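Novice: Following this line is protein_37.tsv, made up of TSV, C-alpha atoms:
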```
chain	number	residue	atom	x	y	z
A	1	ASP	CA	141.87	157.31	91.50
A	2	ALA	CA	142.38	158.27	95.13
A	3	LYS	CA	139.40	158.97	97.35
A	4	THR	CA	138.81	162.33	98.96
A	5	THR	CA	137.17	163.47	102.19
A	6	GLN	CA	135.35	166.79	102.49
A	7	PRO	CA	133.08	168.33	105.11
A	8	THR	CA	129.41	167.95	104.31
A	9	SER	CA	128.60	171.64	104.56
A	10	MET	CA	130.06	175.04	105.36
A	11	ASP	CA	128.77	178.58	105.78
A	12	CYS	CA	130.50	181.78	104.71
A	13	ALA	CA	129.54	185.43	104.99
A	14	GLU	CA	129.18	187.34	101.73
A	15	GLY	CA	132.36	189.23	100.88
A	16	ARG	CA	134.55	187.08	103.09
A	17	ALA	CA	136.96	184.39	101.95
A	18	ALA	CA	135.61	180.85	101.76
A	19	ASN	CA	138.15	178.15	102.59
A	20	LEU	CA	137.08	174.65	101.58
A	21	PRO	CA	139.29	171.79	102.84
A	22	CYS	CA	139.88	168.41	101.25
A	23	ASN	CA	141.81	165.38	102.47
A	24	HIS	CA	143.36	163.01	99.93
A	25	SER	CA	145.84	161.04	101.99
A	26	THR	CA	146.18	158.19	99.45
A	27	ILE	CA	146.99	160.42	96.48
A	28	SER	CA	149.59	159.04	94.07
A	29	GLY	CA	152.55	160.94	92.70
A	30	ASN	CA	151.01	161.35	89.24
A	31	GLU	CA	147.56	162.43	90.43
A	32	TYR	CA	146.32	166.00	90.22
A	33	VAL	CA	143.81	167.66	92.53
A	34	TYR	CA	140.78	169.05	90.69
A	35	TRP	CA	137.97	171.19	92.01
A	36	TYR	CA	134.54	171.42	90.45
A	37	ARG	CA	131.35	173.01	91.67
A	38	GLN	CA	127.72	172.36	90.94
A	39	ILE	CA	125.19	175.10	91.31
A	40	HIS	CA	121.70	173.76	91.88
A	41	SER	CA	120.29	171.91	88.87
A	42	GLN	CA	123.25	172.76	86.63
A	43	GLY	CA	126.13	170.71	85.21
A	44	PRO	CA	129.39	170.66	87.19
A	45	GLN	CA	131.72	173.58	86.47
A	46	TYR	CA	135.50	173.33	86.44
A	47	ILE	CA	137.22	175.67	88.92
A	48	ILE	CA	140.91	174.87	89.19
A	49	HIS	CA	143.44	172.06	89.39
A	50	GLY	CA	147.02	171.53	90.60
A	51	LEU	CA	149.75	168.97	91.19
A	52	LYS	CA	151.96	170.22	94.01
A	53	ASN	CA	152.37	173.94	93.58
A	54	ASN	CA	149.76	176.45	94.67
A	55	GLU	CA	147.61	177.66	91.81
A	56	THR	CA	145.48	180.74	91.23
A	57	ASN	CA	143.07	181.72	88.48
A	58	GLU	CA	140.27	184.23	88.08
A	59	MET	CA	137.88	182.10	90.11
A	60	ALA	CA	139.89	180.75	93.02
A	61	SER	CA	143.18	179.73	94.61
A	62	LEU	CA	144.29	176.19	95.37
A	63	ILE	CA	146.67	175.51	98.23
A	64	ILE	CA	148.21	172.02	98.34
A	65	THR	CA	150.19	170.89	101.37
A	66	GLU	CA	153.81	169.88	100.91
A	67	ASP	CA	153.03	166.19	101.49
A	68	ARG	CA	150.08	166.53	99.05
A	69	LYS	CA	147.76	164.74	101.46
A	70	SER	CA	145.36	167.66	101.70
A	71	SER	CA	144.39	170.85	99.92
A	72	THR	CA	142.25	173.96	100.37
A	73	LEU	CA	140.18	175.78	97.79
A	74	ILE	CA	139.93	179.49	98.49
A	75	LEU	CA	137.25	181.75	97.09
A	76	PRO	CA	138.69	185.16	98.04
A	77	HIS	CA	135.47	187.20	98.13
A	78	ALA	CA	132.47	184.90	98.25
A	79	THR	CA	129.21	186.09	96.74
A	80	LEU	CA	125.70	184.67	96.95
A	81	ARG	CA	126.22	183.18	93.49
A	82	ASP	CA	129.02	181.02	94.90
A	83	THR	CA	126.49	178.98	96.87
A	84	ALA	CA	126.97	175.49	95.43
A	85	VAL	CA	128.26	171.99	96.10
A	86	TYR	CA	132.05	171.90	95.73
A	87	TYR	CA	133.75	168.67	94.72
A	88	CYS	CA	137.40	167.83	95.32
A	89	ILE	CA	138.62	165.10	92.95
A	90	VAL	CA	141.99	163.51	92.33
A	91	ARG	CA	142.88	161.92	89.02
A	92	ALA	CA	145.91	161.20	86.92
A	93	TRP	CA	146.80	163.75	84.25
A	94	GLY	CA	146.21	162.58	80.73
A	95	GLY	CA	144.06	159.70	81.87
A	96	ALA	CA	142.46	158.16	78.82
A	97	THR	CA	138.99	158.64	80.20
A	98	ASN	CA	136.71	161.20	81.73
A	99	LYS	CA	136.72	159.13	84.89
A	100	LEU	CA	136.11	161.64	87.59
A	101	ILE	CA	135.23	159.90	90.85
A	102	PHE	CA	132.83	162.24	92.62
A	103	GLY	CA	132.20	162.11	96.35
A	104	THR	CA	129.30	163.93	97.99
A	105	GLY	CA	131.19	167.23	98.10
A	106	THR	CA	130.80	170.26	100.39
A	107	LEU	CA	127.67	172.37	100.28
A	108	LEU	CA	128.87	175.96	100.64
A	109	ALA	CA	126.15	178.34	101.73
A	110	VAL	CA	127.09	182.00	101.35
A	111	GLN	CA	125.04	184.11	103.74
A	112	PRO	CA	124.09	187.75	103.08
B	1	ASN	CA	130.58	177.73	70.35
B	2	ALA	CA	127.85	175.73	72.06
B	3	GLY	CA	130.09	173.46	74.17
B	4	VAL	CA	128.31	170.28	75.31
B	5	THR	CA	124.65	170.09	74.29
B	6	GLN	CA	122.20	167.56	75.71
B	7	THR	CA	118.68	166.79	74.56
B	8	PRO	CA	116.03	166.39	75.77
B	9	LYS	CA	116.23	168.44	78.96
B	10	PHE	CA	113.20	166.70	80.49
B	11	GLN	CA	111.63	163.32	79.73
B	12	VAL	CA	109.04	161.08	81.33
B	13	LEU	CA	109.05	157.40	80.38
B	14	LYS	CA	106.91	154.44	81.26
B	15	THR	CA	108.56	151.34	82.66
B	16	GLY	CA	109.80	149.16	79.81
B	17	GLN	CA	110.04	151.91	77.24
B	18	SER	CA	113.29	152.66	75.48
B	19	MET	CA	114.77	156.02	74.59
B	20	THR	CA	117.97	157.78	73.64
B	21	LEU	CA	119.56	160.77	75.34
B	22	GLN	CA	121.51	162.81	72.84
B	23	CYS	CA	124.86	164.47	73.52
B	24	ALA	CA	126.87	166.58	71.09
B	25	GLN	CA	130.02	168.65	71.50
B	26	ASP	CA	131.53	171.11	69.04
B	27	MET	CA	135.00	171.34	70.58
B	28	ASN	CA	136.55	168.38	68.73
B	29	HIS	CA	137.16	166.63	72.04
B	30	GLU	CA	138.22	163.01	71.82
B	31	TYR	CA	136.95	162.00	75.27
B	32	MET	CA	133.23	161.84	76.07
B	33	SER	CA	131.30	160.26	78.89
B	34	TRP	CA	127.92	159.93	80.59
B	35	TYR	CA	127.23	160.33	84.30
B	36	ARG	CA	124.08	159.99	86.36
B	37	GLN	CA	123.30	161.88	89.53
B	38	ASP	CA	120.72	160.69	92.01
B	39	PRO	CA	119.26	163.05	94.64
B	40	GLY	CA	121.80	164.13	97.25
B	41	MET	CA	124.59	162.14	95.68
B	42	GLY	CA	127.65	162.78	93.56
B	43	LEU	CA	127.94	161.87	89.90
B	44	ARG	CA	128.55	158.26	88.89
B	45	LEU	CA	130.13	157.24	85.58
B	46	ILE	CA	127.93	155.14	83.28
B	47	HIS	CA	129.93	154.79	80.04
B	48	TYR	CA	132.81	156.61	78.42
B	49	SER	CA	134.60	156.87	75.08
B	50	VAL	CA	138.19	157.75	74.27
B	51	GLY	CA	137.50	158.32	70.58
B	52	ALA	CA	135.23	157.49	67.67
B	53	GLY	CA	134.47	153.78	67.56
B	54	ILE	CA	135.76	153.14	71.10
B	55	THR	CA	133.55	152.84	74.19
B	56	ASP	CA	133.87	151.25	77.60
B	57	GLN	CA	131.87	150.71	80.77
B	58	GLY	CA	132.04	152.92	83.81
B	59	GLU	CA	130.84	152.39	87.35
B	60	VAL	CA	127.11	151.80	86.68
B	61	PRO	CA	126.66	150.57	83.07
B	62	ASN	CA	123.80	148.10	83.48
B	63	GLY	CA	120.68	149.01	81.51
B	64	TYR	CA	122.47	151.46	79.22
B	65	ASN	CA	124.14	151.27	75.82
B	66	VAL	CA	126.35	153.77	74.04
B	67	SER	CA	127.99	154.18	70.65
B	68	ARG	CA	130.46	156.69	69.23
B	69	SER	CA	130.20	156.76	65.46
B	70	THR	CA	131.50	160.34	65.22
B	71	THR	CA	133.76	162.53	67.34
B	72	GLU	CA	130.92	164.96	67.99
B	73	ASP	CA	128.12	162.67	69.18
B	74	PHE	CA	127.78	160.24	72.07
B	75	PRO	CA	124.18	159.04	72.54
B	76	LEU	CA	123.05	157.11	75.63
B	77	ARG	CA	120.36	154.49	75.11
B	78	LEU	CA	118.08	153.16	77.80
B	79	LEU	CA	117.08	149.71	76.61
B	80	SER	CA	114.08	149.02	78.88
B	81	ALA	CA	113.51	151.85	81.32
B	82	ALA	CA	113.11	151.06	85.02
B	83	PRO	CA	112.10	153.35	87.92
B	84	SER	CA	115.65	152.92	89.29
B	85	GLN	CA	116.88	154.85	86.25
B	86	THR	CA	115.03	157.99	87.34
B	87	SER	CA	117.90	160.43	87.63
B	88	VAL	CA	119.64	163.44	86.15
B	89	TYR	CA	122.05	162.53	83.37
B	90	PHE	CA	125.11	164.58	82.47
B	91	CYS	CA	127.24	164.27	79.38
B	92	ALA	CA	130.86	165.43	79.51
B	93	SER	CA	133.78	165.90	77.15
B	94	SER	CA	137.46	166.71	77.36
B	95	SER	CA	140.65	166.72	75.38
B	96	THR	CA	144.34	166.73	76.11
B	97	SER	CA	144.51	169.85	73.93
B	98	SER	CA	142.12	171.60	76.34
B	99	GLY	CA	144.31	170.78	79.31
B	100	ASN	CA	142.14	167.80	80.18
B	101	THR	CA	139.55	170.11	81.69
B	102	ILE	CA	136.22	168.29	81.60
B	103	TYR	CA	133.21	170.22	80.32
B	104	PHE	CA	129.70	169.15	81.30
B	105	GLY	CA	126.35	169.62	79.63
B	106	GLU	CA	123.41	171.13	81.49
B	107	GLY	CA	121.79	167.79	82.25
B	108	SER	CA	118.78	165.72	81.20
B	109	TRP	CA	116.10	165.05	83.81
B	110	LEU	CA	114.59	161.60	83.34
B	111	THR	CA	111.61	160.22	85.25
B	112	VAL	CA	110.52	156.60	84.80
B	113	VAL	CA	107.03	155.83	86.08
```
Would you write the structure of this file as structure tokens?

Specialist:
Amino acid sequence: DAKTTQPTSMDCAEGRAANLPCNHSTISGNEYVYWYRQIHSQGPQYIIHGLKNNETNEMASLIITEDRKSSTLILPHATLRDTAVYYCIVRAWGGATNKLIFGTGTLLAVQP
Amino acid sequence: NAGVTQTPKFQVLKTGQSMTLQCAQDMNHEYMSWYRQDPGMGLRLIHYSVGAGITDQGEVPNGYNVSRSTTEDFPLRLLSAAPSQTSVYFCASSSTSSGNTIYFGEGSWLTVV
């Protein structure tokens, strides 16, 4: 699985959009980009994933660059409850394992 | 639908003791795995299973054993606990029928003194 690079921490004002970047320059053609978050002391929570097209669900939007070497997770209206560590992970679809390779993620602090 | 259930939530062990962390899922997922998370770090894969009767080692398997006798259960055994195994342990499951989304339990906090 390809490695990812994320900023260590970011701040965002409550009600504003939070844009979390991720670099994955060595991503392979069959690897998807996944985003998870971990709120303090809880298990990681799935947010969204994509291959090459932009994706949106009830939680967030995922923007993947055309060359697929980077992506951005967008939380459109951040709330205090969105304060968490956000992990960007790349892995092949249908991999026969739960092998998520976690980095240290981005600590998003939503400020009132 | 309980999802992924881990027990116990908290445990204190003495060095050299053995114990088993339990993990159960009620989603009929074929894939299950165990991760550990040390303070300020991401999760690291210990062992995983792609189905009943099949297990394999992850990134940090030493000191741990697993078995998968049923689809639902995937216990993690600490053979002889060491202070270096003080960590938070997360069990996870997924299935191709669930879009390969991985679901995590709430964690088991283990302290070895």

Novice: Gly107 in chain B: which residues within 8 Å, counting all atoms listed in the file, same-chain residues fewer than 4 positions away excluded, as a short mmCIF file (atom, residue, chain, number, x, y, z; two decimals) with C-alpha atoms, keeping the file's coordinate frame?

Specialist:
```cif
data_model
loop_
_atom_site.label_atom_id
_atom_site.label_comp_id
_atom_site.auth_asym_id
_atom_site.auth_seq_id
_atom_site.Cartn_x
_atom_site.Cartn_y
_atom_site.Cartn_z
CA SER A 41 120.29 171.91 88.87
CA GLN A 42 123.25 172.76 86.63
CA GLY A 43 126.13 170.71 85.21
CA GLN B 6 122.20 167.56 75.71
CA LYS B 9 116.23 168.44 78.96
CA VAL B 88 119.64 163.44 86.15
CA TYR B 89 122.05 162.53 83.37
CA PHE B 90 125.11 164.58 82.47
CA CYS B 91 127.24 164.27 79.38
#
```

Novice: Taking all atoms listed in the file into account and nothing else, which residues of chain B lie no more than 7 Å away from chain A? Please answer as a compact mmCIF listing (two decimals) with C-alpha atoms, in the frame of the given file.

Specialist:
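Saved as part14.txt:
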```txt
# COMPACT_ATOMS: atom_id res chain seq x y z
CA TYR B 31 136.95 162.00 75.27
CA MET B 32 133.23 161.84 76.07
CA SER B 33 131.30 160.26 78.89
CA MET B 41 124.59 162.14 95.68
CA GLY B 42 127.65 162.78 93.56
CA LEU B 43 127.94 161.87 89.90
CA ARG B 44 128.55 158.26 88.89
CA LEU B 45 130.13 157.24 85.58
CA TYR B 48 132.81 156.61 78.42
CA SER B 49 134.60 156.87 75.08
CA VAL B 50 138.19 157.75 74.27
CA PHE B 90 125.11 164.58 82.47
CA THR B 96 144.34 166.73 76.11
CA ASN B 100 142.14 167.80 80.18
CA PHE B 104 129.70 169.15 81.30
CA GLY B 105 126.35 169.62 79.63
CA GLU B 106 123.41 171.13 81.49
CA GLY B 107 121.79 167.79 82.25
```

Novice: Using only C-alpha atoms, tabulate the residues of range 50-90 of chain A lying at most 7 Å from any atom of range 6-26 of chain A, each with its closest atom pair and that distance in Å to one decimal, by chain and increasing residue number, as CSV.

Specialist:
```
residue,atom,partner,partner_atom,distance
A:Lys69,CA,A:Ser25,CA,4.2
A:Ser70,CA,A:Asn23,CA,4.3
A:Ser71,CA,A:Cys22,CA,5.3
A:Thr72,CA,A:Pro21,CA,4.4
A:Leu73,CA,A:Leu20,CA,5.0
A:Ile74,CA,A:Asn19,CA,4.7
A:Leu75,CA,A:Ala18,CA,5.0
A:Pro76,CA,A:Ala17,CA,4.3
A:His77,CA,A:Gly15,CA,4.6
A:Ala78,CA,A:Gly15,CA,5.1
A:Thr79,CA,A:Glu14,CA,5.1
A:Leu80,CA,A:Glu14,CA,6.5
A:Cys88,CA,A:Cys22,CA,6.5
```

Novice: For the atom pair CA of Leu110 in chain B and CA of Gln11 in chain B, what is the interatomic distance in Å to one decimal place?

Specialist: 5.0 Å

Novice: CA of Tyr32 in chain A and CA of Ser94 in chain B are how many Å apart?

Specialist: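 Spanning CA of Tyr32 in chain A to CA of Ser94 in chain B is a straight-line distance of 15.6 Å.
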
Novice: Using all atoms listed in the file for the distances, tell me which of B:Thr5, B:Asn28, B:Gln37, B:Gln17 is nearest to Ser87 in chain B.

Specialist: B:Gln37

Novice: Using all atoms listed in the file, find all polymer residues with an atom at most 10 Å away from the point (103.6, 153.9, 89.1); report them as a ChimeraX atom specification.

Specialist: /B:14-15,83,112-113

Novice: Can you write just those residues out, C-alpha atoms, as a compact mmCIF listing (two decimals), in the frame of the given file?

Specialist:
```txt
# COMPACT_ATOMS: atom_id res chain seq x y z
CA LYS B 14 106.91 154.44 81.26
CA THR B 15 108.56 151.34 82.66
CA PRO B 83 112.10 153.35 87.92
CA VAL B 112 110.52 156.60 84.80
CA VAL B 113 107.03 155.83 86.08
```

Novice: Tell me, in Å to one decimal, how far CA of Pro61 in chain B is from CA of Gly3 in chain B.

Specialist: 24.8 Å

Novice: Out of B:Gly53, B:Gly63, B:Gly58, B:Gly16, which residue has the shortest atom-to-atom distance to Tyr35 in chain B when counting all atoms listed in the file?

Specialist: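 Checking each of B:Gly53, B:Gly63, B:Gly58, B:Gly16 against Tyr35 in chain B, counting all atoms listed in the file, the winner is B:Gly58.
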